[in-house]
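Q: Contents of coords-v8.txt (compact mmCIF, C-alpha atoms) are given next:
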# COMPACT_ATOMS: atom_id res chain seq x y z
CA MET P 1373 -17.21 275.47 135.02
CA ALA P 1374 -16.26 272.25 133.31
CA MET P 1375 -12.67 273.37 133.00
CA ALA P 1376 -12.41 273.99 136.76
CA ALA P 1377 -13.80 270.53 137.46
CA PHE P 1378 -11.29 269.03 135.05
CA ARG P 1379 -8.44 270.87 136.75
CA ARG P 1380 -9.46 269.50 140.13
CA GLU P 1381 -9.71 265.97 138.73
CA GLY P 1382 -6.34 266.32 137.07
CA ARG P 1383 -4.71 267.33 140.33
CA ARG P 1384 -6.31 264.44 142.19
CA LEU P 1385 -4.90 262.01 139.64
CA LEU P 1386 -1.53 263.64 140.14
CA LEU P 1387 -1.54 263.07 143.89
CA SER P 1388 -2.46 259.41 143.90
CA PRO P 1389 0.59 257.72 142.32
CA VAL P 1390 3.00 259.65 144.58
CA SER P 1391 2.09 257.62 147.62
CA TYR P 1392 0.68 254.72 145.76
CA ASN P 1393 2.65 252.12 147.59
CA SER P 1394 1.32 252.55 151.09
CA SER P 1395 -1.81 254.58 150.89
CA PHE P 1396 -3.42 253.33 147.72
CA ALA P 1397 -5.92 251.46 149.76
CA ALA P 1398 -6.81 254.68 151.54
CA ARG P 1399 -7.26 256.56 148.30
CA SER P 1400 -9.34 253.85 146.77
CA ALA P 1401 -12.43 255.64 147.93
CA ILE P 1402 -11.60 258.63 145.71
CA LEU P 1403 -10.38 256.71 142.70
CA SER P 1404 -13.59 255.16 141.65
CA TYR P 1405 -12.40 254.13 138.23
CA SER P 1406 -9.69 251.60 139.17
CA GLU P 1407 -10.28 248.25 140.78
CA LEU P 1408 -7.79 247.73 143.54
CA GLY P 1409 -6.66 244.56 145.06
CA PRO P 1410 -4.63 244.52 148.26
CA MET P 1411 -1.49 246.73 148.19
CA GLY P 1412 -1.66 248.07 144.64
CA ALA P 1413 -2.50 244.98 142.69
CA ARG P 1414 -2.28 244.68 138.96
CA SER P 1415 -5.74 245.93 138.01
CA ILE P 1416 -4.96 249.66 137.85
CA SER P 1417 -6.80 250.79 134.75
CA THR P 1418 -5.33 253.29 132.34
CA GLN P 1419 -8.53 253.42 130.35
CA ALA P 1420 -10.08 256.21 132.39
CA VAL P 1421 -7.00 258.41 132.14
CA ARG P 1422 -6.89 257.80 128.41
CA ASN P 1423 -10.56 258.84 128.07
CA ARG P 1424 -9.93 261.99 130.02
CA MET P 1425 -6.97 262.82 127.85
CA LYS P 1426 -9.05 262.40 124.73
CA SER P 1427 -11.79 264.68 125.97
CA VAL P 1428 -9.33 267.35 127.12
CA LYS P 1429 -7.70 267.25 123.69
CA ASN P 1430 -11.08 267.76 122.03
CA ILE P 1431 -11.83 270.69 124.28
CA GLN P 1432 -8.51 272.21 123.36
CA LYS P 1433 -9.29 271.89 119.66
CA ILE P 1434 -12.71 273.48 120.09
CA THR P 1435 -11.44 276.43 122.08
CA LYS P 1436 -8.66 277.01 119.56
CA ALA P 1437 -11.23 277.07 116.77
CA MET P 1438 -13.44 279.51 118.69
CA LYS P 1439 -10.47 281.79 119.17
CA MET P 1440 -9.80 281.81 115.41
CA VAL P 1441 -13.43 282.58 114.65
CA ALA P 1442 -13.50 285.42 117.16
CA ALA P 1443 -10.27 286.83 115.73
CA SER P 1444 -11.65 286.93 112.21
CA LYS P 1445 -14.92 288.51 113.32
CA LEU P 1446 -12.97 291.04 115.35
CA ARG P 1447 -11.06 292.22 112.31
CA SER P 1448 -14.18 293.14 110.39
CA VAL P 1449 -16.02 294.80 113.27
CA GLN P 1450 -12.99 296.76 114.35
CA VAL P 1451 -12.80 298.74 111.12
CA ARG P 1452 -16.47 299.66 111.32
CA THR P 1453 -16.16 300.63 114.96
CA GLU P 1454 -13.31 303.00 114.36
CA ASN P 1455 -15.19 304.57 111.48
CA SER P 1456 -18.32 304.97 113.55
CA ARG P 1457 -16.55 307.01 116.19
CA GLY P 1458 -16.99 310.02 113.98
CA PHE P 1459 -20.73 309.87 114.57
CA TRP P 1460 -20.85 311.16 118.08
CA GLN P 1461 -17.90 313.49 118.01
CA PRO P 1462 -19.79 316.43 116.45
CA PHE P 1463 -22.49 316.04 119.08
CA THR P 1464 -20.03 316.20 121.91
CA ALA P 1465 -18.38 319.16 120.28
CA LEU P 1466 -21.70 320.96 120.14
CA LEU P 1467 -23.46 319.89 123.29
CA GLY P 1468 -20.65 318.79 125.57
CA ASP P 1469 -20.81 315.75 127.80
CA ASN P 1470 -22.66 315.99 131.08
CA PRO P 1471 -22.39 312.74 132.96
CA SER P 1472 -23.00 314.40 136.29
CA VAL P 1473 -26.31 315.96 135.35
CA ASP P 1474 -28.92 315.57 138.03
CA VAL P 1475 -32.36 314.76 136.69
CA LYS P 1476 -35.52 313.11 137.84
CA LYS P 1477 -36.01 310.39 135.28
CA ASN P 1478 -32.97 308.38 134.34
CA VAL P 1479 -32.96 305.51 131.93
CA ILE P 1480 -29.92 303.26 131.94
CA VAL P 1481 -29.36 301.44 128.65
CA THR P 1482 -27.03 298.52 129.26
CA ILE P 1483 -25.43 296.88 126.27
CA THR P 1484 -24.38 293.26 126.73
CA SER P 1485 -23.86 290.27 124.49
CA ASP P 1486 -26.26 287.48 123.63
CA LYS P 1487 -23.68 284.72 123.66
CA GLY P 1488 -21.42 283.70 126.52
CA LEU P 1489 -17.83 282.52 126.83
CA CYS P 1490 -16.60 286.07 126.45
CA GLY P 1491 -14.74 286.70 129.67
CA GLY P 1492 -15.93 289.29 132.17
CA ILE P 1493 -17.22 292.13 130.00
CA ASN P 1494 -20.90 291.49 130.66
CA SER P 1495 -20.36 291.34 134.39
CA THR P 1496 -18.48 294.64 134.33
CA SER P 1497 -21.27 296.32 132.38
CA VAL P 1498 -23.89 295.05 134.79
CA ARG P 1499 -21.82 296.13 137.78
CA VAL P 1500 -21.42 299.64 136.40
CA SER P 1501 -25.15 299.77 135.67
CA LYS P 1502 -26.00 298.83 139.22
CA ALA P 1503 -23.58 301.40 140.60
CA LEU P 1504 -25.09 304.06 138.35
CA TYR P 1505 -28.54 303.04 139.48
CA LYS P 1506 -27.54 303.62 143.08
CA LEU P 1507 -25.97 306.94 142.19
CA THR P 1508 -29.01 308.23 140.38
CA SER P 1509 -31.69 307.03 142.71
CA GLY P 1510 -33.05 309.16 145.47
CA PRO P 1511 -36.27 310.79 146.62
CA GLU P 1512 -38.55 311.76 143.73
CA LYS P 1513 -36.17 310.23 141.27
CA GLU P 1514 -36.87 307.30 139.07
CA THR P 1515 -34.36 305.09 137.34
CA LYS P 1516 -35.17 302.36 134.86
CA TYR P 1517 -33.17 299.84 132.87
CA VAL P 1518 -33.35 299.00 129.21
CA VAL P 1519 -31.25 295.92 128.59
CA LEU P 1520 -29.78 294.93 125.24
CA GLY P 1521 -28.60 291.34 125.12
CA GLU P 1522 -29.42 288.09 126.81
CA LYS P 1523 -26.56 288.02 129.30
CA GLY P 1524 -27.37 291.37 130.83
CA LYS P 1525 -31.02 290.46 131.16
CA VAL P 1526 -30.21 287.32 133.12
CA GLN P 1527 -27.89 289.12 135.51
CA LEU P 1528 -30.08 292.15 136.09
CA ALA P 1529 -33.26 290.14 136.45
CA ARG P 1530 -31.77 288.46 139.46
CA ASP P 1531 -32.14 291.42 141.76
CA SER P 1532 -33.47 294.42 139.84
CA LYS P 1533 -36.25 292.94 137.82
CA ASN P 1534 -38.76 295.51 138.92
CA SER P 1535 -36.73 298.29 137.39
CA ILE P 1536 -36.36 296.76 133.95
CA GLU P 1537 -38.42 298.57 131.39
CA MET P 1538 -37.59 296.72 128.19
CA ASN P 1539 -35.29 293.99 127.00
CA ILE P 1540 -33.97 293.46 123.50
CA THR P 1541 -32.31 290.29 122.23
CA GLU P 1542 -31.25 288.72 118.93
CA LEU P 1543 -29.63 291.94 117.89
CA GLN P 1544 -26.61 290.33 116.25
CA LYS P 1545 -28.45 287.93 113.99
CA ASN P 1546 -27.54 290.11 111.03
CA PRO P 1547 -24.35 292.14 111.06
CA LEU P 1548 -24.93 295.38 112.91
CA ASN P 1549 -25.99 298.24 110.69
CA TYR P 1550 -27.22 301.72 111.39
CA THR P 1551 -30.78 301.07 110.20
CA GLN P 1552 -31.28 298.34 112.74
CA VAL P 1553 -29.90 300.31 115.62
CA SER P 1554 -31.90 303.38 114.68
CA VAL P 1555 -35.15 301.40 114.57
CA LEU P 1556 -34.23 300.07 117.98
CA ALA P 1557 -33.48 303.57 119.26
CA ASP P 1558 -36.82 304.70 117.93
CA ASP P 1559 -38.57 301.89 119.80
CA ILE P 1560 -36.83 302.83 123.00
CA LEU P 1561 -37.63 306.52 122.63
CA LYS P 1562 -41.28 305.78 122.01
CA ASN P 1563 -41.68 303.54 125.02
CA VAL P 1564 -39.70 305.26 127.67
CA GLU P 1565 -39.94 308.62 129.39
CA TYR P 1566 -36.62 310.10 130.18
CA ASP P 1567 -34.81 313.21 131.21
CA ALA P 1568 -31.42 311.65 130.68
CA LEU P 1569 -30.37 308.48 128.93
CA ARG P 1570 -27.20 306.80 130.06
CA ILE P 1571 -25.73 304.19 127.76
CA ILE P 1572 -23.30 301.74 129.32
CA TYR P 1573 -20.99 299.72 127.11
CA ASN P 1574 -17.43 298.46 126.89
CA LYS P 1575 -15.29 300.71 124.78
CA TYR P 1576 -12.74 298.91 122.70
CA GLN P 1577 -9.20 300.14 123.31
CA SER P 1578 -7.23 297.14 122.10
CA VAL P 1579 -7.48 293.37 121.88
CA VAL P 1580 -6.82 292.99 125.59
CA SER P 1581 -8.25 296.17 127.08
CA PHE P 1582 -11.90 297.19 127.24
CA LEU P 1583 -13.06 300.20 129.23
CA PRO P 1584 -16.57 300.32 130.65
CA THR P 1585 -17.97 303.65 129.50
CA VAL P 1586 -21.06 305.75 130.13
CA SER P 1587 -22.47 308.09 127.50
CA THR P 1588 -25.10 310.57 128.60
CA ILE P 1589 -27.80 311.96 126.37
CA LEU P 1590 -30.10 314.66 127.64
CA SER P 1591 -33.67 315.21 126.60
CA PRO P 1592 -34.42 318.59 124.95
CA GLU P 1593 -36.08 319.91 128.06
CA THR P 1594 -33.08 319.04 130.17
CA VAL P 1595 -30.84 320.78 127.66
CA GLU P 1596 -32.90 323.92 128.10
CA LYS P 1597 -32.57 323.69 131.84
CA GLU P 1598 -28.86 323.06 131.74
CA SER P 1599 -28.21 325.86 129.31
CA GLU P 1600 -29.06 328.28 132.05
CA ALA P 1601 -26.16 326.88 134.00
CA GLY P 1602 -23.74 328.02 131.34
CA GLY P 1603 -20.96 326.04 129.80
CA LYS P 1604 -21.23 324.58 126.33
CA LEU P 1605 -24.99 324.46 126.43
CA GLY P 1606 -25.18 328.07 127.50
CA ILE P 1607 -23.81 329.35 124.23
CA LEU P 1608 -26.30 327.42 122.12
CA ASP P 1609 -28.36 330.56 121.78
CA SER P 1610 -25.59 332.26 119.91
CA TYR P 1611 -26.05 329.84 117.00
CA GLU P 1612 -28.18 330.90 114.12
CA ILE P 1613 -30.80 328.42 113.02
CA GLU P 1614 -31.51 328.04 109.35
CA GLY P 1615 -34.78 326.94 107.95
CA GLY P 1616 -38.06 327.44 109.67
CA ASP P 1617 -37.37 325.48 112.82
CA THR P 1618 -37.34 326.86 116.27
CA LYS P 1619 -34.63 326.07 118.74
CA ALA P 1620 -36.88 323.57 120.46
CA GLU P 1621 -37.49 321.78 117.18
CA VAL P 1622 -33.82 321.56 116.42
CA LEU P 1623 -33.02 320.32 119.89
CA GLN P 1624 -35.67 317.65 119.60
CA ASN P 1625 -34.30 316.40 116.30
CA LEU P 1626 -30.79 316.55 117.60
CA ALA P 1627 -31.63 314.60 120.74
CA GLU P 1628 -33.20 311.78 118.76
CA PHE P 1629 -30.42 311.66 116.23
CA GLN P 1630 -27.78 311.84 118.94
CA PHE P 1631 -29.29 308.89 120.76
CA SER P 1632 -29.39 306.84 117.60
CA CYS P 1633 -25.78 307.64 116.67
CA VAL P 1634 -24.39 307.07 120.13
CA LEU P 1635 -26.29 303.78 120.43
CA PHE P 1636 -24.87 302.67 117.09
CA ASN P 1637 -21.33 303.43 118.11
CA ALA P 1638 -21.85 301.87 121.54
CA SER P 1639 -23.19 298.59 120.14
CA LEU P 1640 -20.32 298.37 117.67
CA GLU P 1641 -17.76 299.02 120.40
CA ASN P 1642 -19.40 296.44 122.62
CA ALA P 1643 -19.39 293.88 119.81
CA CYS P 1644 -15.68 294.54 119.27
CA SER P 1645 -14.95 294.15 122.97
CA GLU P 1646 -16.98 290.95 123.03
CA MET P 1647 -14.87 289.44 120.23
CA GLY P 1648 -11.63 290.53 121.87
CA ALA P 1649 -12.66 289.18 125.27
CA ARG P 1650 -13.75 285.91 123.70
CA MET P 1651 -10.39 285.60 121.96
CA SER P 1652 -8.45 285.98 125.18
CA ALA P 1653 -10.82 283.72 127.14
CA MET P 1654 -10.54 280.95 124.56
CA ASP P 1655 -6.79 281.43 124.37
CA SER P 1656 -6.33 280.98 128.09
CA SER P 1657 -8.61 277.95 128.15
CA SER P 1658 -6.64 276.28 125.32
CA ARG P 1659 -3.49 276.93 127.30
CA ASN P 1660 -5.04 275.42 130.46
CA ALA P 1661 -6.21 272.43 128.47
CA GLY P 1662 -2.66 271.95 127.17
CA GLU P 1663 -1.23 272.05 130.68
CA MET P 1664 -3.83 269.61 131.90
CA LEU P 1665 -2.98 267.31 129.04
CA ASP P 1666 0.69 267.36 130.06
CA ARG P 1667 -0.16 266.46 133.63
CA LEU P 1668 -2.50 263.70 132.53
CA THR P 1669 0.17 262.27 130.22
CA LEU P 1670 2.63 262.09 133.09
CA THR P 1671 0.06 260.35 135.27
CA TYR P 1672 -0.80 257.97 132.47
CA ASN P 1673 2.83 256.98 131.95
CA ARG P 1674 3.43 256.54 135.61
CA THR P 1675 0.35 254.34 136.01
CA ARG P 1676 1.35 252.31 133.01
CA GLN P 1677 4.88 251.75 134.28
CA ALA P 1678 3.67 250.88 137.76
CA SER P 1679 1.37 248.21 136.41
CA ILE P 1680 4.19 246.75 134.32
CA THR P 1681 6.41 246.67 137.39
CA THR P 1682 3.83 244.86 139.49
CA GLU P 1683 3.29 242.30 136.75
CA LEU P 1684 6.99 241.63 136.56
CA ILE P 1685 7.23 241.30 140.33
CA GLU P 1686 4.45 238.77 140.38
CA ILE P 1687 5.97 236.73 137.60
CA ILE P 1688 9.35 236.66 139.25
CA SER P 1689 7.96 235.83 142.69
CA GLY P 1690 5.97 233.06 141.12
CA ALA P 1691 9.08 231.77 139.39
CA SER P 1692 11.01 231.95 142.62
CA ALA P 1693 8.48 229.75 144.34
CA LEU P 1694 9.45 227.00 141.88
CA THR P 1695 13.24 227.47 141.73
CA GLY P 1696 15.51 228.73 144.53
CA PHE P 1697 14.67 231.55 146.85
CA SER P 1698 17.75 233.83 146.91
CA GLN P 1699 18.14 234.21 143.13
CA SER P 1700 14.62 235.48 142.62
CA ALA P 1701 14.77 237.71 145.68
CA ARG P 1702 17.79 239.54 144.29
CA ALA P 1703 16.17 239.89 140.83
CA THR P 1704 12.90 241.23 142.27
CA ASP P 1705 14.67 243.69 144.51
CA ASN P 1706 16.74 244.93 141.61
CA ILE P 1707 13.76 245.61 139.38
CA GLN P 1708 11.74 247.19 142.17
CA TYR P 1709 14.63 249.42 143.14
CA ARG P 1710 15.21 250.62 139.59
CA ARG P 1711 11.52 251.31 138.89
CA TYR P 1712 10.97 253.25 142.08
CA ALA P 1713 14.12 255.24 141.54
CA CYS P 1714 12.78 256.25 138.13
CA MET P 1715 9.44 257.26 139.57
CA ILE P 1716 11.06 259.33 142.28
CA LYS P 1717 13.14 261.09 139.65
CA LEU P 1718 10.05 261.84 137.60
CA GLN P 1719 8.24 263.29 140.56
CA SER P 1720 11.00 265.63 141.70
CA MET N 1205 -50.95 320.70 116.12
CA ALA N 1206 -49.22 323.11 113.77
CA SER N 1207 -50.57 326.33 115.07
CA THR N 1208 -47.46 327.68 116.75
CA ALA N 1209 -45.47 330.49 115.29
CA ALA N 1210 -42.98 328.15 113.67
CA ALA N 1211 -44.60 325.44 111.58
CA VAL N 1212 -44.01 321.92 112.74
CA PRO N 1213 -42.50 319.92 109.89
CA PHE N 1214 -44.94 317.65 108.14
CA TRP N 1215 -43.38 314.48 109.35
CA ARG N 1216 -43.43 315.55 112.97
CA ALA N 1217 -47.09 316.43 112.54
CA ALA N 1218 -47.71 312.95 111.14
CA GLY N 1219 -46.27 311.39 114.28
CA MET N 1220 -42.85 310.34 112.98
CA THR N 1221 -39.67 310.94 114.86
CA TYR N 1222 -36.60 312.34 113.21
CA ILE N 1223 -35.09 308.87 113.15
CA THR N 1224 -38.01 307.39 111.23
CA TYR N 1225 -37.92 310.30 108.81
CA SER N 1226 -34.22 309.92 108.10
CA ASN N 1227 -34.55 306.16 107.69
CA ILE N 1228 -37.24 306.61 105.07
CA CYS N 1229 -35.13 309.14 103.22
CA ALA N 1230 -32.19 306.73 103.37
CA SER N 1231 -34.20 303.87 101.88
CA LEU N 1232 -35.36 306.18 99.11
CA VAL N 1233 -31.74 307.00 98.34
CA ARG N 1234 -30.84 303.32 98.39
CA GLY N 1235 -33.65 302.64 95.97
CA CYS N 1236 -32.01 304.98 93.47
CA LEU N 1237 -28.87 302.89 93.18
CA LYS N 1238 -28.00 300.64 90.28
CA GLU N 1239 -27.58 296.94 90.54
CA PRO N 1240 -24.32 295.81 92.16
CA TYR N 1241 -24.41 298.66 94.67
CA ARG N 1242 -28.09 298.23 95.24
CA SER N 1243 -27.79 294.74 96.72
CA ASP N 1244 -24.83 295.85 98.85
CA ALA N 1245 -26.90 298.68 100.20
CA GLY N 1246 -29.79 296.31 100.74
CA ALA N 1247 -27.64 294.36 103.15
CA ARG N 1248 -27.27 297.52 105.21
CA GLU N 1249 -31.00 297.78 105.60
CA LYS N 1250 -31.77 294.52 107.35
CA VAL N 1251 -33.46 294.81 110.70
CA HIS N 1252 -33.95 291.99 113.14
CA PHE N 1253 -34.34 292.04 116.86
CA ALA N 1254 -36.71 290.74 119.50
CA VAL N 1255 -38.15 293.25 121.90
CA SER N 1256 -40.05 292.52 125.07
CA LYS N 1257 -41.48 294.97 127.54
CA TRP N 1258 -41.47 294.21 131.23
CA ALA N 1259 -44.31 294.90 133.60
CA ASN N 1260 -44.10 294.35 137.34
CA GLY N 1261 -40.84 292.53 137.09
CA LYS N 1262 -42.02 290.04 134.51
CA PRO N 1263 -41.27 290.04 130.82
CA GLU N 1264 -44.25 290.04 128.54
CA LYS N 1265 -44.28 288.12 125.33
CA SER N 1266 -41.50 289.25 123.05
CA SER N 1267 -42.31 290.58 119.63
CA ILE N 1268 -39.84 290.21 116.84
CA ARG N 1269 -39.19 293.20 114.63
CA SER N 1270 -37.91 291.57 111.55
CA ASP N 1271 -39.00 293.90 108.86
CA SER N 1272 -36.53 295.13 106.39
CA HIS N 1273 -37.11 298.81 106.93
CA SER N 1274 -38.30 299.75 103.52
CA GLU N 1275 -41.32 301.92 103.78
Would you write out, as C-alpha cells, the structure that this file holds?
A:
Amino acid sequence: MAMAAFRREGRRLLLSPVSYNSSFAARSAILSYSELGPMGARSISTQAVRNRMKSVKNIQKITKAMKMVAASKLRSVQVRTENSRGFWQPFTALLGDNPSVDVKKNVIVTITSDKGLCGGINSTSVRVSKALYKLTSGPEKETKYVVLGEKGKVQLARDSKNSIEMNITELQKNPLNYTQVSVLADDILKNVEYDALRIIYNKYQSVVSFLPTVSTILSPETVEKESEAGGKLGILDSYEIEGGDTKAEVLQNLAEFQFSCVLFNASLENACSEMGARMSAMDSSSRNAGEMLDRLTLTYNRTRQASITTELIEIISGASALTGFSQSARATDNIQYRRYACMIKLQS
Amino acid sequence: MASTAAAVPFWRAAGMTYITYSNICASLVRGCLKEPYRSDAGAREKVHFAVSKWANGKPEKSSIRSDSHSE
C-alpha cells in the first residue's frame, strides 16, 4: 500500500519540473511542500525530495534484509518438506486419492500464514477454499471451514464467518514438528464431524512456483461406502490383517494417522511456499524502491539546478539595473539558454 | 465397550485416538535417549498453538495449547 502511494508521489514529482516555467503556478496546488513566488521564484525547496529519498532508501534496505531472512529460512524448511513427502505416499498407494468423492459432511481445512508480506499465496488458498465450498454444498450437505493461520481467518471471516468451525493461530512460534501438528490434528478430529476432510495448501514446486493443492481424506465409514464402488478401495478386503484388529479398527487408525501425516506435510509445504513468496515479493519491492530512488534523484538534481539558474538570473538582472542594459541582457539570455537546453536533454 | 468379537485395544477403550497413543509412545522412546540426542529430540516435542472455536459466526475466547507433549 505504502509503496503504491510512493510510486504515485514519485511520478507527480517527475511531471512538475517538465513544464515548470509556465504552469508552475497551476501546479502549486499539488506541490504543497514548496513555497512558490510568481513564475517559479527562488524558494523551491529540495528538502522534501531529500526526505523522500532517505525514506525510500531505508525501505529498500529493510526489504532487502527481509528477503535474506526469508531465503535462509527457506533453505532449512525445504529439506524437511522434501523429506516429509514420504509420509503420505504410502497412504495414497494404499487408499488412492478421491478428490471427487461426494459426501454429506465436508470439512475444508485451509492452511494460511500468520504473517503478511508474502505475495498472493494466502489469497489463492482462500479462493480455492471458497470454490471448493461452492462445489461441495448442496441440499442436505454441510460444509465447514477449519482455518489455520491469521491471514486466512481474516479473509474468510469477511463473508463466510458462519461456516467457520475452528481457527488456529500461532502455529509457527516454534519450528514446525510432527508432534505439534499431530496434537493439532487430534484437536480437529475431536471437535469436528466429517465424512471427508479436504486440506488446501500451496505445494512448493520451486522458489517461484507454488501450486494450490487439495488433499482429500475420507472417514472410515466413507471408505467402506466407496469400497463398494471398486477401484483401489475395493481391493482392501484382499489384504490380510495381522493382530487382533478388525478391518474397521484398522481403517479408523489409518484415517487418523493419515490425517495427521498429510496435515504435517501440508503445513511444511505451505511454510516453504510462504518463504519463497516472501522472497520474491521483497525482491520486487526492493527493485521498485531502487527505480523510485533513481527517479527521485533526477527530480532532485533538476530542482537543484533550476533554483541555481533562477538565482543567477536574478543576480545578473540586478547587476544590469546598475550598469548597462544590453550587456546583462546577453549574459542572462546565454545562461538561460544553456540551462534550459540541458534540462531538455535530460528529459528526452 | 469391548464386547465385540474383536477386542478394542486398551487405548481406544480409554478414549485415546491413535494419534495420542503414538505420541505417547514417541515421547517414551525420546525419554530413552542419552544426553546430546535427548535435548535435540526434546526440541522436536514442543507444542504451541492457539485454538479458538467459532459459534454463530463469532470466535470464542482462544485457548493456548502450549504444553510440551510429554505425558
Q: As a ChimeraX atom specification, please: the residues near P:Lys1562 (cut-off 9 Å, only C-alpha atoms, same-chain neighbours under 4 positions excluded).
A: /P:1557-1558 /N:1221
Q: Which residue is closest to P:Ile1560? Choose from P:Glu1596, P:Asp1617, P:Glu1612, P:Glu1628 and count all atoms listed in the file.
A: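 Once distances to P:Ile1560 are computed over all atoms listed in the file, the minimum belongs to P:Glu1628.
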Q: Once you count only C-alpha atoms, which residues of chain P turn out to be within 8 Å of chain N? Could you give them as number ranges by chain?
A: P: 1529, 1533-1546, 1549-1552, 1554-1555, 1558, 1616-1618, 1621, 1625, 1628-1629, 1632
Q: At what distance in Å, to one decimal, does atom CA of P:Leu1718 lie from atom CA of P:Leu1670?
A: 8.7 Å
Q: Using all atoms listed in the file, which of the listed residues (P:Ala1568, P:Ala1503, P:Ala1643, P:Ile1613) sits closest to P:Arg1447?
A: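 The closest residue to P:Arg1447 is P:Ala1643.
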Q: Go through P:Val1622, P:Met1715, P:Met1440, P:Leu1569 and flag the residue nearest P:Ser1652, using only C-alpha atoms for the distances.
A: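 Ranked by minimum distance to P:Ser1652, first place goes to P:Met1440.
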Q: Would you kindly return, as a PyMOL selection string, each protein, DNA or RNA residue with an atom no farther than 6 Å from any atom of stretch 1450-1462 of chain P, considering all atoms listed in the file and excluding same-chain residues fewer than 2 positions away?
A: chain P and resi 1446-1448+1464-1465+1633-1634+1637+1640-1641
Q: Go through P:Leu1623, P:Gly1524, P:Val1449, P:Met1654 and flag the residue nearest P:Tyr1576, using only C-alpha atoms for the distances.
A: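 Using only C-alpha atoms, the shortest distance to P:Tyr1576 belongs to P:Val1449.
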Q: Please write as a list in words the list of polymer residues whose atoms come within 6 Å of (-29.7, 302.5, 134.8), counting all atoms listed in the file and keeping to the coordinates of the file.
A: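 Within the cut-off we find Val1479, Ile1480, Ser1501, Tyr1505, Thr1515, Lys1516 and Tyr1517 of chain P.
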Q: Output stretch 1448-1499 of chain P from the block with C-alpha atoms, as an mmCIF file, in the first residue's frame?
A:
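File part38.cif, as written:
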data_model
loop_
_atom_site.group_PDB
_atom_site.id
_atom_site.type_symbol
_atom_site.label_atom_id
_atom_site.label_comp_id
_atom_site.auth_asym_id
_atom_site.auth_seq_id
_atom_site.Cartn_x
_atom_site.Cartn_y
_atom_site.Cartn_z
ATOM 1 C CA SER P 1448 16.048 -25.140 6.236
ATOM 2 C CA VAL P 1449 12.334 -25.763 5.705
ATOM 3 C CA GLN P 1450 12.833 -27.010 2.185
ATOM 4 C CA VAL P 1451 14.890 -30.001 3.257
ATOM 5 C CA ARG P 1452 12.314 -31.019 5.837
ATOM 6 C CA THR P 1453 9.482 -30.586 3.363
ATOM 7 C CA GLU P 1454 11.046 -32.828 0.787
ATOM 8 C CA ASN P 1455 11.709 -35.440 3.431
ATOM 9 C CA SER P 1456 8.161 -35.271 4.707
ATOM 10 C CA ARG P 1457 6.706 -36.105 1.323
ATOM 11 C CA GLY P 1458 7.350 -39.730 2.076
ATOM 12 C CA PHE P 1459 4.707 -39.612 4.785
ATOM 13 C CA TRP P 1460 1.639 -39.557 2.637
ATOM 14 C CA GLN P 1461 2.868 -41.564 -0.300
ATOM 15 C CA PRO P 1462 2.171 -44.979 1.284
ATOM 16 C CA PHE P 1463 -1.347 -43.839 2.116
ATOM 17 C CA THR P 1464 -2.062 -42.810 -1.420
ATOM 18 C CA ALA P 1465 -0.586 -46.049 -2.645
ATOM 19 C CA LEU P 1466 -2.923 -47.990 -0.384
ATOM 20 C CA LEU P 1467 -6.103 -45.965 -0.404
ATOM 21 C CA GLY P 1468 -5.868 -43.943 -3.586
ATOM 22 C CA ASP P 1469 -6.885 -40.322 -3.868
ATOM 23 C CA ASN P 1470 -10.549 -39.475 -4.226
ATOM 24 C CA PRO P 1471 -10.991 -35.753 -4.597
ATOM 25 C CA SER P 1472 -14.305 -36.136 -6.355
ATOM 26 C CA VAL P 1473 -15.969 -38.135 -3.613
ATOM 27 C CA ASP P 1474 -19.467 -36.980 -2.877
ATOM 28 C CA VAL P 1475 -20.304 -36.922 0.812
ATOM 29 C CA LYS P 1476 -22.652 -35.175 3.141
ATOM 30 C CA LYS P 1477 -20.308 -33.597 5.639
ATOM 31 C CA ASN P 1478 -17.272 -31.875 4.251
ATOM 32 C CA VAL P 1479 -14.702 -30.075 6.304
ATOM 33 C CA ILE P 1480 -12.318 -27.783 4.469
ATOM 34 C CA VAL P 1481 -9.022 -27.235 6.279
ATOM 35 C CA THR P 1482 -7.353 -24.152 4.860
ATOM 36 C CA ILE P 1483 -3.703 -23.603 5.632
ATOM 37 C CA THR P 1484 -2.503 -20.000 5.502
ATOM 38 C CA SER P 1485 0.259 -17.995 7.092
ATOM 39 C CA ASP P 1486 0.182 -15.866 10.211
ATOM 40 C CA LYS P 1487 2.411 -13.120 8.864
ATOM 41 C CA GLY P 1488 1.853 -10.994 5.780
ATOM 42 C CA LEU P 1489 4.067 -9.553 3.057
ATOM 43 C CA CYS P 1490 4.190 -12.920 1.349
ATOM 44 C CA GLY P 1491 2.696 -12.229 -2.043
ATOM 45 C CA GLY P 1492 -0.575 -13.815 -3.133
ATOM 46 C CA ILE P 1493 -0.416 -17.314 -1.681
ATOM 47 C CA ASN P 1494 -2.963 -16.715 1.071
ATOM 48 C CA SER P 1495 -5.434 -15.193 -1.341
ATOM 49 C CA THR P 1496 -5.102 -18.173 -3.681
ATOM 50 C CA SER P 1497 -5.713 -20.617 -0.842
ATOM 51 C CA VAL P 1498 -8.794 -18.727 0.280
ATOM 52 C CA ARG P 1499 -10.097 -18.524 -3.274
#
